$ cat work01.cif   # mmCIF, C-alpha atoms
data_upload
#
loop_
_atom_site.label_atom_id
_atom_site.label_comp_id
_atom_site.auth_asym_id
_atom_site.auth_seq_id
_atom_site.Cartn_x
_atom_site.Cartn_y
_atom_site.Cartn_z
CA MET A 1 -71.07 79.39 -2.37
CA GLU A 2 -72.94 82.61 -2.96
CA GLN A 3 -73.36 83.75 -6.56
CA LEU A 4 -72.32 87.37 -6.92
CA LEU A 5 -73.57 89.88 -9.46
CA ARG A 6 -70.43 91.72 -10.57
CA VAL A 7 -69.75 94.77 -12.71
CA MET A 8 -66.27 94.24 -14.17
CA ASN A 9 -63.97 96.42 -16.25
CA PHE A 10 -66.65 99.03 -16.80
CA ASN A 11 -65.21 102.27 -18.12
CA VAL A 12 -66.33 105.83 -17.49
CA SER A 13 -64.81 109.25 -17.99
CA ARG A 14 -63.69 111.42 -15.07
CA ASP A 15 -67.09 113.08 -15.24
CA GLY A 16 -68.85 109.73 -14.86
CA ILE A 17 -69.96 109.14 -18.45
CA GLY A 18 -69.91 105.60 -19.80
CA ALA A 19 -71.19 106.16 -23.32
CA GLY A 20 -71.64 109.13 -25.55
CA GLU A 21 -74.58 110.52 -27.42
CA HIS A 22 -75.61 109.53 -30.95
CA GLN A 23 -74.86 105.78 -30.77
CA THR A 24 -74.80 104.26 -34.28
CA LEU A 25 -73.78 101.02 -35.94
CA GLU A 26 -70.38 102.53 -36.67
CA SER A 27 -69.98 104.22 -33.28
CA PRO A 28 -71.15 101.89 -30.49
CA PHE A 29 -70.12 104.48 -27.89
CA GLY A 30 -71.42 107.52 -29.73
CA HIS A 31 -69.13 110.50 -29.41
CA ALA A 32 -67.26 108.79 -26.54
CA HIS A 33 -64.44 107.22 -28.52
CA PRO A 34 -63.87 103.90 -26.78
CA GLU A 35 -60.12 103.96 -27.31
CA ARG A 36 -59.95 106.88 -24.90
CA LEU A 37 -61.82 104.95 -22.23
CA PHE A 38 -60.47 101.44 -22.90
CA ALA A 39 -56.83 102.07 -23.74
CA TRP A 40 -55.67 100.76 -20.34
CA ALA A 41 -57.40 97.40 -20.94
CA GLY A 42 -56.21 96.94 -24.50
CA ALA A 43 -52.61 97.35 -23.35
CA THR A 44 -52.74 94.34 -21.01
CA ALA A 45 -51.61 90.78 -21.75
CA SER A 46 -54.99 89.33 -20.74
CA TRP A 47 -57.28 91.62 -22.76
CA PRO A 48 -59.93 89.18 -24.07
CA MET A 49 -59.89 90.68 -27.58
CA ARG A 50 -56.08 90.53 -27.87
CA THR A 51 -54.89 88.84 -31.04
CA ASP A 52 -51.11 89.35 -30.79
CA PRO A 53 -48.76 88.25 -27.97
CA GLY A 54 -47.29 90.76 -25.55
CA GLY A 55 -49.01 93.27 -23.31
CA SER A 56 -48.39 94.44 -19.76
CA ARG A 57 -48.69 92.21 -16.70
CA GLY A 58 -48.88 94.86 -14.01
CA LEU A 59 -51.88 96.02 -12.02
CA ASP A 60 -54.24 96.56 -14.97
CA ASP A 61 -53.71 92.97 -16.10
CA TYR A 62 -55.24 91.64 -12.87
CA PHE A 63 -58.52 93.25 -13.91
CA THR A 64 -58.63 92.02 -17.50
CA ARG A 65 -57.40 88.55 -16.38
CA ASP A 66 -60.34 88.39 -13.99
CA PHE A 67 -62.90 89.01 -16.76
CA ALA A 68 -63.95 85.38 -17.30
CA HIS A 69 -62.79 83.96 -13.97
CA ASN A 70 -65.66 82.11 -12.24
CA ILE A 71 -68.23 83.86 -14.45
CA GLY A 72 -71.08 81.69 -15.70
CA ALA A 73 -73.35 84.21 -17.42
CA GLU A 74 -73.62 87.86 -18.45
CA ILE A 75 -76.52 90.29 -18.35
CA MET A 76 -76.36 93.24 -20.75
CA GLY A 77 -78.59 96.00 -22.01
CA ARG A 78 -79.85 95.98 -25.56
CA ASN A 79 -77.50 98.81 -26.54
CA LYS A 80 -74.50 96.61 -25.76
CA PHE A 81 -75.83 94.13 -28.32
CA GLY A 82 -76.65 96.60 -31.07
CA PRO A 83 -77.67 100.16 -31.86
CA GLN A 84 -81.23 99.43 -32.97
CA ARG A 85 -84.20 100.92 -31.09
CA GLY A 86 -87.78 99.65 -31.21
CA PRO A 87 -88.79 96.44 -33.03
CA TRP A 88 -85.98 94.45 -34.67
CA LEU A 89 -86.08 95.14 -38.40
CA ASP A 90 -83.27 92.85 -39.44
CA HIS A 91 -82.90 89.44 -37.76
CA ASP A 92 -79.89 88.66 -39.93
CA TRP A 93 -77.76 91.20 -38.10
CA LEU A 94 -76.32 89.24 -35.17
CA GLY A 95 -74.93 91.97 -32.95
CA TRP A 96 -71.69 93.79 -32.53
CA TRP A 97 -69.66 90.87 -31.24
CA GLY A 98 -68.70 88.94 -34.34
CA GLU A 99 -68.59 85.20 -34.82
CA GLU A 100 -66.41 84.62 -31.73
CA PRO A 101 -67.95 86.77 -29.00
CA PRO A 102 -65.66 87.15 -25.97
CA PHE A 103 -68.28 85.97 -23.45
CA HIS A 104 -68.20 82.16 -23.82
CA THR A 105 -71.31 81.82 -21.61
CA PRO A 106 -75.04 82.44 -21.86
CA VAL A 107 -75.76 86.18 -22.24
CA PHE A 108 -79.10 87.72 -21.29
CA VAL A 109 -79.93 90.80 -23.37
CA MET A 110 -82.58 93.01 -21.79
CA THR A 111 -85.02 94.38 -24.36
CA HIS A 112 -88.73 95.10 -24.72
CA HIS A 113 -88.55 93.42 -28.14
CA ILE A 114 -87.75 89.77 -27.70
CA ARG A 115 -86.48 87.61 -30.54
CA PRO A 116 -85.20 84.02 -30.81
CA ALA A 117 -81.91 83.19 -29.10
CA ILE A 118 -78.72 83.46 -31.15
CA THR A 119 -75.75 81.12 -30.71
CA LEU A 120 -72.37 82.29 -31.97
CA SER A 121 -69.53 79.90 -31.16
CA ASP A 122 -69.83 79.12 -27.42
CA THR A 123 -71.88 82.22 -26.59
CA THR A 124 -75.70 82.16 -26.67
CA PHE A 125 -77.62 85.45 -26.54
CA HIS A 126 -81.06 85.17 -24.92
CA PHE A 127 -83.44 88.13 -25.32
CA VAL A 128 -85.49 88.81 -22.21
CA ASP A 129 -88.19 91.34 -21.36
CA ASP A 130 -88.34 91.10 -17.56
CA ASP A 131 -87.53 93.09 -14.45
CA PRO A 132 -83.94 92.96 -13.14
CA GLY A 133 -84.72 90.50 -10.33
CA THR A 134 -86.30 87.99 -12.73
CA VAL A 135 -83.47 88.31 -15.25
CA LEU A 136 -80.88 87.84 -12.49
CA GLU A 137 -82.66 84.72 -11.28
CA ARG A 138 -82.53 83.28 -14.80
CA ALA A 139 -78.88 84.23 -15.26
CA ARG A 140 -77.93 82.68 -11.92
CA LYS A 141 -79.54 79.41 -12.93
CA ALA A 142 -77.71 79.47 -16.26
CA ALA A 143 -74.43 80.25 -14.48
CA GLN A 144 -74.60 76.92 -12.62
CA GLY A 145 -73.11 78.13 -9.37
CA LYS A 146 -70.71 80.64 -10.86
CA ASP A 147 -70.99 84.43 -10.60
CA VAL A 148 -72.94 86.59 -13.04
CA ARG A 149 -71.30 89.53 -14.82
CA LEU A 150 -73.38 92.67 -15.28
CA GLY A 151 -71.96 93.96 -18.54
CA GLY A 152 -73.60 97.38 -18.85
CA GLY A 153 -74.26 99.82 -20.35
CA VAL A 154 -74.84 102.57 -17.92
CA SER A 155 -78.63 102.45 -17.80
CA THR A 156 -78.61 98.68 -17.23
CA ILE A 157 -76.18 99.06 -14.34
CA ARG A 158 -78.32 101.86 -12.91
CA GLN A 159 -81.43 99.63 -13.05
CA PHE A 160 -79.69 96.85 -11.10
CA LEU A 161 -78.23 99.32 -8.59
CA ASP A 162 -81.67 100.82 -8.04
CA ALA A 163 -83.00 97.32 -7.36
CA ASP A 164 -80.05 96.77 -4.96
CA LEU A 165 -78.95 93.60 -6.79
CA VAL A 166 -75.27 94.44 -7.43
CA ASP A 167 -72.65 92.87 -5.16
CA THR A 168 -69.36 94.27 -6.52
CA LEU A 169 -68.37 96.91 -9.07
CA HIS A 170 -65.05 97.52 -10.74
CA VAL A 171 -65.25 100.83 -12.61
CA ALA A 172 -62.16 102.22 -14.32
CA VAL A 173 -62.26 106.00 -14.40
CA ALA A 174 -60.30 107.28 -17.38
CA PRO A 175 -58.47 110.63 -17.36
CA VAL A 176 -60.74 112.23 -19.97
CA GLU A 177 -63.76 114.53 -19.70
CA LEU A 178 -66.72 113.90 -22.01
CA GLY A 179 -69.06 116.66 -20.88
CA SER A 180 -72.25 115.02 -22.11
CA GLY A 181 -73.55 111.49 -22.55
CA ILE A 182 -75.02 108.73 -20.42
CA ARG A 183 -73.87 109.21 -16.86
CA LEU A 184 -73.19 106.42 -14.35
CA TRP A 185 -72.85 108.85 -11.44
CA LYS A 186 -72.23 112.45 -10.58
CA THR A 187 -69.70 111.23 -8.06
CA PRO A 188 -68.79 107.69 -6.89
CA ASP A 189 -69.66 108.87 -3.38
CA GLU A 190 -73.31 108.29 -4.27
CA LEU A 191 -72.73 104.58 -3.64
CA LEU A 192 -70.98 104.90 -0.28
CA ASP A 193 -74.13 104.30 1.75
CA ARG A 194 -74.24 100.72 0.49
CA PHE A 195 -70.71 99.89 -0.64
CA HIS A 196 -67.13 99.96 0.57
CA LEU A 197 -64.90 101.77 -1.91
CA GLU A 198 -61.19 101.51 -2.62
CA ILE A 199 -59.71 103.77 -5.31
CA VAL A 200 -56.50 102.40 -6.83
CA PRO A 201 -54.59 104.65 -9.23
CA SER A 202 -52.83 102.80 -12.04
CA ALA A 203 -49.65 103.69 -13.90
CA SER A 204 -51.80 103.74 -17.06
CA GLY A 205 -53.64 106.83 -15.85
CA VAL A 206 -56.99 105.25 -14.93
CA ALA A 207 -58.23 105.05 -11.35
CA HIS A 208 -59.72 101.67 -10.57
CA HIS A 209 -62.79 102.09 -8.35
CA LEU A 210 -63.55 98.89 -6.43
CA PHE A 211 -66.89 98.68 -4.64
CA TRP A 212 -68.23 95.85 -2.57
CA ARG A 213 -71.32 95.56 -0.41
CA LYS A 214 -71.20 96.65 3.21
CA MET B 1 -50.50 79.77 -25.31
CA GLU B 2 -47.25 80.27 -23.43
CA GLN B 3 -47.00 78.66 -19.98
CA LEU B 4 -45.74 81.18 -17.46
CA LEU B 5 -43.80 80.51 -14.27
CA ARG B 6 -45.40 82.80 -11.71
CA VAL B 7 -44.55 83.81 -8.14
CA MET B 8 -47.88 84.74 -6.54
CA ASN B 9 -48.83 86.21 -3.18
CA PHE B 10 -45.30 85.85 -1.85
CA ASN B 11 -44.78 87.86 1.31
CA VAL B 12 -41.68 89.63 2.55
CA SER B 13 -40.93 92.26 5.16
CA ARG B 14 -39.94 95.82 4.26
CA ASP B 15 -36.32 94.68 4.60
CA GLY B 16 -36.88 91.88 2.06
CA ILE B 17 -37.09 88.90 4.40
CA GLY B 18 -39.50 86.08 3.56
CA ALA B 19 -38.87 83.70 6.41
CA GLY B 20 -37.21 83.93 9.77
CA GLU B 21 -34.46 81.96 11.41
CA HIS B 22 -34.99 78.79 13.48
CA GLN B 23 -37.75 77.14 11.43
CA THR B 24 -39.42 74.35 13.41
CA LEU B 25 -42.50 72.13 13.16
CA GLU B 26 -44.38 74.62 15.32
CA SER B 27 -42.98 77.73 13.60
CA PRO B 28 -42.90 77.24 9.81
CA PHE B 29 -41.64 80.80 9.40
CA GLY B 30 -39.17 80.79 12.28
CA HIS B 31 -39.15 84.06 14.17
CA ALA B 32 -41.04 85.75 11.31
CA HIS B 33 -44.58 85.41 12.62
CA PRO B 34 -46.63 84.80 9.48
CA GLU B 35 -49.62 86.73 10.72
CA ARG B 36 -47.54 89.89 10.45
CA LEU B 37 -46.69 89.14 6.82
CA PHE B 38 -49.96 87.49 5.70
CA ALA B 39 -52.61 89.58 7.48
CA TRP B 40 -53.58 91.37 4.26
CA ALA B 41 -54.34 88.05 2.51
CA GLY B 42 -56.27 86.50 5.39
CA ALA B 43 -58.62 89.50 5.42
CA THR B 44 -59.79 88.96 1.83
CA ALA B 45 -62.93 87.13 0.69
CA SER B 46 -60.93 84.86 -1.63
CA TRP B 47 -58.20 83.73 0.80
CA PRO B 48 -57.86 80.00 -0.07
CA MET B 49 -57.72 78.96 3.61
CA ARG B 50 -60.84 80.96 4.54
CA THR B 51 -63.43 78.89 6.42
CA ASP B 52 -66.01 81.57 7.26
CA PRO B 53 -67.92 83.88 4.89
CA GLY B 54 -67.10 87.58 4.62
CA GLY B 55 -63.83 89.27 3.87
CA SER B 56 -62.88 92.29 1.79
CA ARG B 57 -63.34 92.51 -1.99
CA GLY B 58 -61.05 95.43 -2.71
CA LEU B 59 -57.61 95.45 -4.29
CA ASP B 60 -56.07 92.74 -2.09
CA ASP B 61 -58.82 90.33 -3.07
CA TYR B 62 -57.76 90.44 -6.73
CA PHE B 63 -54.47 88.86 -5.68
CA THR B 64 -55.84 86.08 -3.51
CA ARG B 65 -58.61 85.42 -6.06
CA ASP B 66 -55.94 84.90 -8.71
CA PHE B 67 -54.13 82.22 -6.65
CA ALA B 68 -55.57 79.18 -8.45
CA HIS B 69 -56.63 80.89 -11.68
CA ASN B 70 -55.14 79.09 -14.70
CA ILE B 71 -52.55 77.36 -12.49
CA GLY B 72 -51.87 73.70 -13.29
CA ALA B 73 -48.95 72.87 -10.98
CA GLU B 74 -46.81 74.29 -8.18
CA ILE B 75 -43.10 74.06 -7.51
CA MET B 76 -41.97 74.54 -3.91
CA GLY B 77 -38.84 74.14 -1.83
CA ARG B 78 -38.61 71.41 0.76
CA ASN B 79 -38.97 73.91 3.59
CA LYS B 80 -42.45 74.83 2.40
CA PHE B 81 -43.40 71.16 2.76
CA GLY B 82 -41.88 70.58 6.19
CA PRO B 83 -39.11 71.63 8.60
CA GLN B 84 -36.99 68.48 8.32
CA ARG B 85 -33.42 68.65 7.03
CA GLY B 86 -31.39 65.72 5.64
CA PRO B 87 -32.89 62.25 5.13
CA TRP B 88 -36.59 61.83 5.95
CA LEU B 89 -36.88 60.08 9.29
CA ASP B 90 -40.64 59.82 9.43
CA HIS B 91 -42.59 58.99 6.27
CA ASP B 92 -45.86 59.09 8.20
CA TRP B 93 -45.65 62.85 8.59
CA LEU B 94 -47.32 64.19 5.47
CA GLY B 95 -46.33 67.83 5.50
CA TRP B 96 -47.72 71.04 6.86
CA TRP B 97 -50.74 71.28 4.61
CA GLY B 98 -53.27 68.96 6.23
CA GLU B 99 -55.68 66.58 4.55
CA GLU B 100 -57.07 69.25 2.20
CA PRO B 101 -54.03 71.13 0.87
CA PRO B 102 -54.97 74.40 -0.86
CA PHE B 103 -53.09 73.55 -4.09
CA HIS B 104 -55.50 71.15 -5.89
CA THR B 105 -52.82 70.36 -8.52
CA PRO B 106 -49.61 68.38 -8.74
CA VAL B 107 -46.91 69.94 -6.50
CA PHE B 108 -43.19 69.41 -7.12
CA VAL B 109 -41.15 69.54 -3.90
CA MET B 110 -37.44 70.16 -4.51
CA THR B 111 -35.27 68.08 -2.19
CA HIS B 112 -32.02 66.13 -2.27
CA HIS B 113 -33.86 63.33 -0.43
CA ILE B 114 -36.56 61.94 -2.66
CA ARG B 115 -39.42 59.83 -1.29
CA PRO B 116 -42.58 58.34 -2.80
CA ALA B 117 -45.29 60.75 -3.96
CA ILE B 118 -48.03 61.64 -1.49
CA THR B 119 -51.64 62.27 -2.52
CA LEU B 120 -53.84 64.25 -0.15
CA SER B 121 -57.32 64.96 -1.53
CA ASP B 122 -56.76 66.43 -5.04
CA THR B 123 -53.16 67.50 -4.41
CA THR B 124 -50.23 65.16 -5.18
CA PHE B 125 -46.78 66.03 -3.86
CA HIS B 126 -43.93 64.74 -6.04
CA PHE B 127 -40.40 64.85 -4.56
CA VAL B 128 -37.75 65.75 -7.11
CA ASP B 129 -33.97 66.11 -6.97
CA ASP B 130 -33.21 68.00 -10.18
CA ASP B 131 -32.05 71.36 -11.41
CA PRO B 132 -34.65 74.14 -11.78
CA GLY B 133 -34.91 73.79 -15.56
CA THR B 134 -35.68 70.07 -15.36
CA VAL B 135 -38.20 70.55 -12.56
CA LEU B 136 -39.92 73.30 -14.50
CA GLU B 137 -40.15 71.12 -17.58
CA ARG B 138 -41.82 68.40 -15.52
CA ALA B 139 -44.18 70.84 -13.86
CA ARG B 140 -45.16 72.36 -17.21
CA LYS B 141 -46.04 68.94 -18.55
CA ALA B 142 -48.12 68.19 -15.46
CA ALA B 143 -49.86 71.58 -15.77
CA GLN B 144 -51.31 70.57 -19.14
CA GLY B 145 -51.07 73.96 -20.79
CA LYS B 146 -51.79 76.03 -17.69
CA ASP B 147 -49.28 78.21 -15.85
CA VAL B 148 -46.99 76.97 -13.08
CA ARG B 149 -46.89 78.67 -9.69
CA LEU B 150 -43.50 79.02 -8.00
CA GLY B 151 -44.52 78.78 -4.38
CA GLY B 152 -41.30 79.64 -2.55
CA GLY B 153 -39.64 79.85 -0.12
CA VAL B 154 -37.03 82.47 -0.68
CA SER B 155 -34.13 80.22 -1.65
CA THR B 156 -36.25 78.35 -4.19
CA ILE B 157 -37.34 81.62 -5.79
CA ARG B 158 -33.71 82.79 -5.84
CA GLN B 159 -32.66 79.58 -7.62
CA PHE B 160 -35.23 80.07 -10.36
CA LEU B 161 -34.41 83.76 -10.70
CA ASP B 162 -30.71 82.90 -11.03
CA ALA B 163 -31.61 80.46 -13.82
CA ASP B 164 -33.76 83.21 -15.42
CA LEU B 165 -36.86 81.01 -15.48
CA VAL B 166 -39.36 83.29 -13.73
CA ASP B 167 -41.87 85.19 -15.89
CA THR B 168 -43.88 87.18 -13.33
CA LEU B 169 -43.62 87.89 -9.61
CA HIS B 170 -46.19 89.29 -7.23
CA VAL B 171 -44.46 90.07 -3.94
CA ALA B 172 -46.42 91.75 -1.15
CA VAL B 173 -44.11 93.85 1.00
CA ALA B 174 -45.50 94.10 4.53
CA PRO B 175 -44.95 97.15 6.74
CA VAL B 176 -42.76 95.31 9.27
CA GLU B 177 -39.00 95.03 9.70
CA LEU B 178 -37.53 91.63 10.58
CA GLY B 179 -33.83 92.50 10.71
CA SER B 180 -32.58 88.95 10.13
CA GLY B 181 -33.73 85.87 8.25
CA ILE B 182 -33.77 84.58 4.70
CA ARG B 183 -33.67 87.53 2.35
CA LEU B 184 -35.32 87.68 -1.08
CA TRP B 185 -33.57 90.92 -2.00
CA LYS B 186 -31.75 93.88 -0.56
CA THR B 187 -33.93 96.04 -2.76
CA PRO B 188 -36.47 95.17 -5.47
CA ASP B 189 -34.38 97.31 -7.83
CA GLU B 190 -32.05 94.30 -8.19
CA LEU B 191 -34.58 92.83 -10.63
CA LEU B 192 -35.05 95.92 -12.79
CA ASP B 193 -32.53 94.84 -15.41
CA ARG B 194 -34.82 91.98 -16.42
CA PHE B 195 -38.29 92.96 -15.23
CA HIS B 196 -40.79 95.77 -15.41
CA LEU B 197 -41.97 96.77 -11.95
CA GLU B 198 -45.17 98.40 -10.74
CA ILE B 199 -45.56 99.10 -7.02
CA VAL B 200 -49.18 99.35 -5.90
CA PRO B 201 -49.83 100.45 -2.31
CA SER B 202 -52.88 98.85 -0.72
CA ALA B 203 -55.22 100.22 1.95
CA SER B 204 -54.16 97.21 4.06
CA GLY B 205 -50.65 98.61 4.44
CA VAL B 206 -48.78 96.22 2.11
CA ALA B 207 -47.20 97.38 -1.13
CA HIS B 208 -47.87 94.93 -3.96
CA HIS B 209 -44.77 94.62 -6.13
CA LEU B 210 -45.67 93.37 -9.63
CA PHE B 211 -42.82 92.27 -11.88
CA TRP B 212 -43.02 90.97 -15.42
CA ARG B 213 -40.34 90.19 -17.95
CA LYS B 214 -39.02 92.91 -20.23
#
$ encode --input "work01.cif" --output "structure tokens"
Amino acid sequence: MEQLLRVMNFNVSRDGIGAGEHQTLESPFGHAHPERLFAWAGATASWPMRTDPGGSRGLDDYFTRDFAHNIGAEIMGRNKFGPQRGPWLDHDWLGWWGEEPPFHTPVFVMTHHIRPAITLSDTTFHFVDDDPGTVLERARKAAQGKDVRLGGGVSTIRQFLDADLVDTLHVAVAPVELGSGIRLWKTPDELLDRFHLEIVPSASGVAHHLFWRK
Amino acid sequence: MEQLLRVMNFNVSRDGIGAGEHQTLESPFGHAHPERLFAWAGATASWPMRTDPGGSRGLDDYFTRDFAHNIGAEIMGRNKFGPQRGPWLDHDWLGWWGEEPPFHTPVFVMTHHIRPAITLSDTTFHFVDDDPGTVLERARKAAQGKDVRLGGGVSTIRQFLDADLVDTLHVAVAPVELGSGIRLWKTPDELLDRFHLEIVPSASGVAHHLFWRK
């Protein structure tokens, strides 16, 4: 079985922006209020952060239900772990994800400032300062035959796309315009030389963009 | 966690027919040639019967990929196991599914003619002569906390719908007309009193009908 590198449930605005400017501890997405980008996911029965019963089981639920399915590791950029830049000043702060992170696998955090691994419940964060190919190799080994999720943010996804290491992408385009921020693409057509694309509109208002390698 | 009863990847024609007339050993679907109903599924990367690499990873693949996900047992009608009617005349014939059935869980076959259980690889077929509620209770126990798939055919699904035991249905409506055969519905609107419905057209030509309980 091949081990895919998959972008899953990644959210951008209609103008291709996946995070806003001015990221802080209180605002992980900067001026891009996540509820405007993520609302479709939070409404589904299988949303990994859901704490109450209920939720929809239509199209959108197939995407959130797939989040952990056959995934053995995640790779993320440092900004998905925390808002700090430069050397870590406070090793006691253990990231944005709380004591029960929703990953339940090894997670490889790409940073130029490595620090000891952190285990929270059944998720272990490893801090790695390597090129995308080397990090992917390590994540594949940790995934023990399962696929690897590429968790974002935008600049991490761009790095792996530039290295041609991504096999599939699911990007949900939300019906909002952000105007400025970190941009995944000007248009999804930029990827059509290497990927098939199906665009599936959902009743929730997002357009699921499904890419897979030609 | 609740244990759902789920109809998954069930295929009908545009006129609501899930199997044809004159089912035989050679023609499990009677005059309804399955390739016309199933083509969308066979084209996906995650089709459980796939033997070669490749296949699409767009929308349709989310449905075939979900086939075994969090499923701990299947319930099927006798006609999905074999074409025989009345008492079993040949216990050596072990069903349509070969030595490596794609279920990989306990399977409960509803029949008025019980026979000893059959184990083929990691699938065990149990033959049960009970009402839908009793069979579901047994399947839920066997599923050990996971969901139960209701595998069909049409009359088995109708029985469980009539007993109001079905939680979700994914029915792929293929762009063919069969005219006669065993009918799941005259129109999907028949289920709208009890279920939400989203209809998602796919590039493959089928329309995925997703129902979940109100």
$ residues_around --input "work01.cif" --residues "His22 in chain A" --least-positions-apart "5" --cutoff "9 Å" --atoms "only C-alpha atoms" --output "list in words"
Ser27, Pro28, Phe29, Gly30, His31 and Gly181 of chain A
$ atom_distance --input "work01.cif" --atom1 "CA of Gly18 in chain A" --atom2 "CA of Ala163 in chain A"
19.9 Å
$ residues_around --input "work01.cif" --residues "Ile182 in chain B" --least-positions-apart "4" --cutoff "9 Å" --atoms "all atoms listed in the file" --output "PyMOL selection string"
chain B and resi 16-21+153-155
$ residues_near_point --input "work01.cif" --point "(-35.4, 71.0, -14.2)" --cutoff "12 Å" --atoms "only C-alpha atoms" --output "CSV table (one decimal) with C-alpha atoms, keeping the file's coordinate frame"
chain,number,residue,atom,x,y,z
B,75,ILE,CA,-43.1,74.1,-7.5
B,108,PHE,CA,-43.2,69.4,-7.1
B,109,VAL,CA,-41.2,69.5,-3.9
B,110,MET,CA,-37.4,70.2,-4.5
B,128,VAL,CA,-37.8,65.8,-7.1
B,129,ASP,CA,-34.0,66.1,-7.0
B,130,ASP,CA,-33.2,68.0,-10.2
B,131,ASP,CA,-32.0,71.4,-11.4
B,132,PRO,CA,-34.6,74.1,-11.8
B,133,GLY,CA,-34.9,73.8,-15.6
B,134,THR,CA,-35.7,70.1,-15.4
B,135,VAL,CA,-38.2,70.6,-12.6
B,136,LEU,CA,-39.9,73.3,-14.5
B,137,GLU,CA,-40.2,71.1,-17.6
B,138,ARG,CA,-41.8,68.4,-15.5
B,139,ALA,CA,-44.2,70.8,-13.9
B,140,ARG,CA,-45.2,72.4,-17.2
B,141,LYS,CA,-46.0,68.9,-18.6
B,159,GLN,CA,-32.7,79.6,-7.6
B,160,PHE,CA,-35.2,80.1,-10.4
B,163,ALA,CA,-31.6,80.5,-13.8
B,165,LEU,CA,-36.9,81.0,-15.5
$ residues_around --input "work01.cif" --residues "Asp167 in chain B" --least-positions-apart "5" --cutoff "6 Å" --atoms "all atoms listed in the file" --output "number ranges by chain"
B: 4-6, 212-213
$ resolve_selection --input "work01.cif" --expression "the PyMOL selection byres ((chain B) within 9 of (chain A))" --output "list in words"
Ser56, Arg57, Gly58, Leu59, Tyr62, Phe63, Arg65, Asp66, His69, Thr168, His196, Leu197, Glu198, Ile199, Val200, Pro201, Ser202, Ala203, His209, Leu210, Phe211, Trp212 and Arg213 of chain B
$ residues_around --input "work01.cif" --residues "Ala41 in chain B" --least-positions-apart "5" --cutoff "12 Å" --atoms "all atoms listed in the file" --output "VMD selection string"
chain B and resid 8 to 11 34 to 36 46 to 50 55 to 67 171 to 174 202 204 to 206 208
$ residues_around --input "work01.cif" --residues "Ala73 in chain A" --least-positions-apart "2" --cutoff "7 Å" --atoms "only C-alpha atoms" --output "list in words"
Ile71, Ile75, Thr105, Pro106, Val107, Ala139, Ala142, Ala143, Val148 and Arg149 of chain A
$ closest_residue --input "work01.cif" --among "A:Ile114, A:Ala207, A:Val12, A:Val166" --to "Pro87 in chain A" --atoms "all atoms listed in the file"
A:Ile114
$ atom_distance --input "work01.cif" --atom1 "CA of Pro102 in chain B" --atom2 "CA of Gly86 in chain B"
26.0 Å
$ decode --input "work01.cif" --residues "range 149-160 of chain A" --atoms "N, CA and C atoms" --output "tab-separated table (two decimals), in the first residue's frame"
chain	number	residue	atom	x	y	z
A	149	ARG	N	-1.12	13.12	7.22
A	149	ARG	CA	-1.89	14.33	6.99
A	149	ARG	C	-0.95	15.54	6.99
A	150	LEU	N	-1.11	16.41	6.01
A	150	LEU	CA	-0.37	17.66	6.01
A	150	LEU	C	-1.33	18.73	6.53
A	151	GLY	N	-1.07	19.19	7.76
A	151	GLY	CA	-2.09	19.96	8.46
A	151	GLY	C	-2.11	21.45	8.19
A	152	GLY	N	-1.12	21.96	7.47
A	152	GLY	CA	-1.05	23.41	7.24
A	152	GLY	C	-0.13	24.04	8.25
A	153	GLY	N	-0.07	25.38	8.33
A	153	GLY	CA	-0.86	26.32	7.55
A	153	GLY	C	-0.44	26.47	6.11
A	154	VAL	N	-0.83	27.58	5.57
A	154	VAL	CA	-0.65	27.85	4.16
A	154	VAL	C	0.81	27.70	3.73
A	155	SER	N	1.74	28.30	4.48
A	155	SER	CA	3.12	28.31	3.97
A	155	SER	C	3.72	26.91	4.03
A	156	THR	N	3.27	26.09	4.99
A	156	THR	CA	3.73	24.70	5.04
A	156	THR	C	3.19	23.92	3.84
A	157	ILE	N	1.94	24.11	3.52
A	157	ILE	CA	1.37	23.43	2.35
A	157	ILE	C	2.11	23.87	1.08
A	158	ARG	N	2.37	25.15	0.98
A	158	ARG	CA	3.08	25.66	-0.21
A	158	ARG	C	4.45	25.02	-0.34
A	159	GLN	N	5.17	24.89	0.79
A	159	GLN	CA	6.50	24.24	0.75
A	159	GLN	C	6.44	22.83	0.19
A	160	PHE	N	5.43	22.06	0.66
A	160	PHE	CA	5.32	20.66	0.22
A	160	PHE	C	4.81	20.58	-1.22
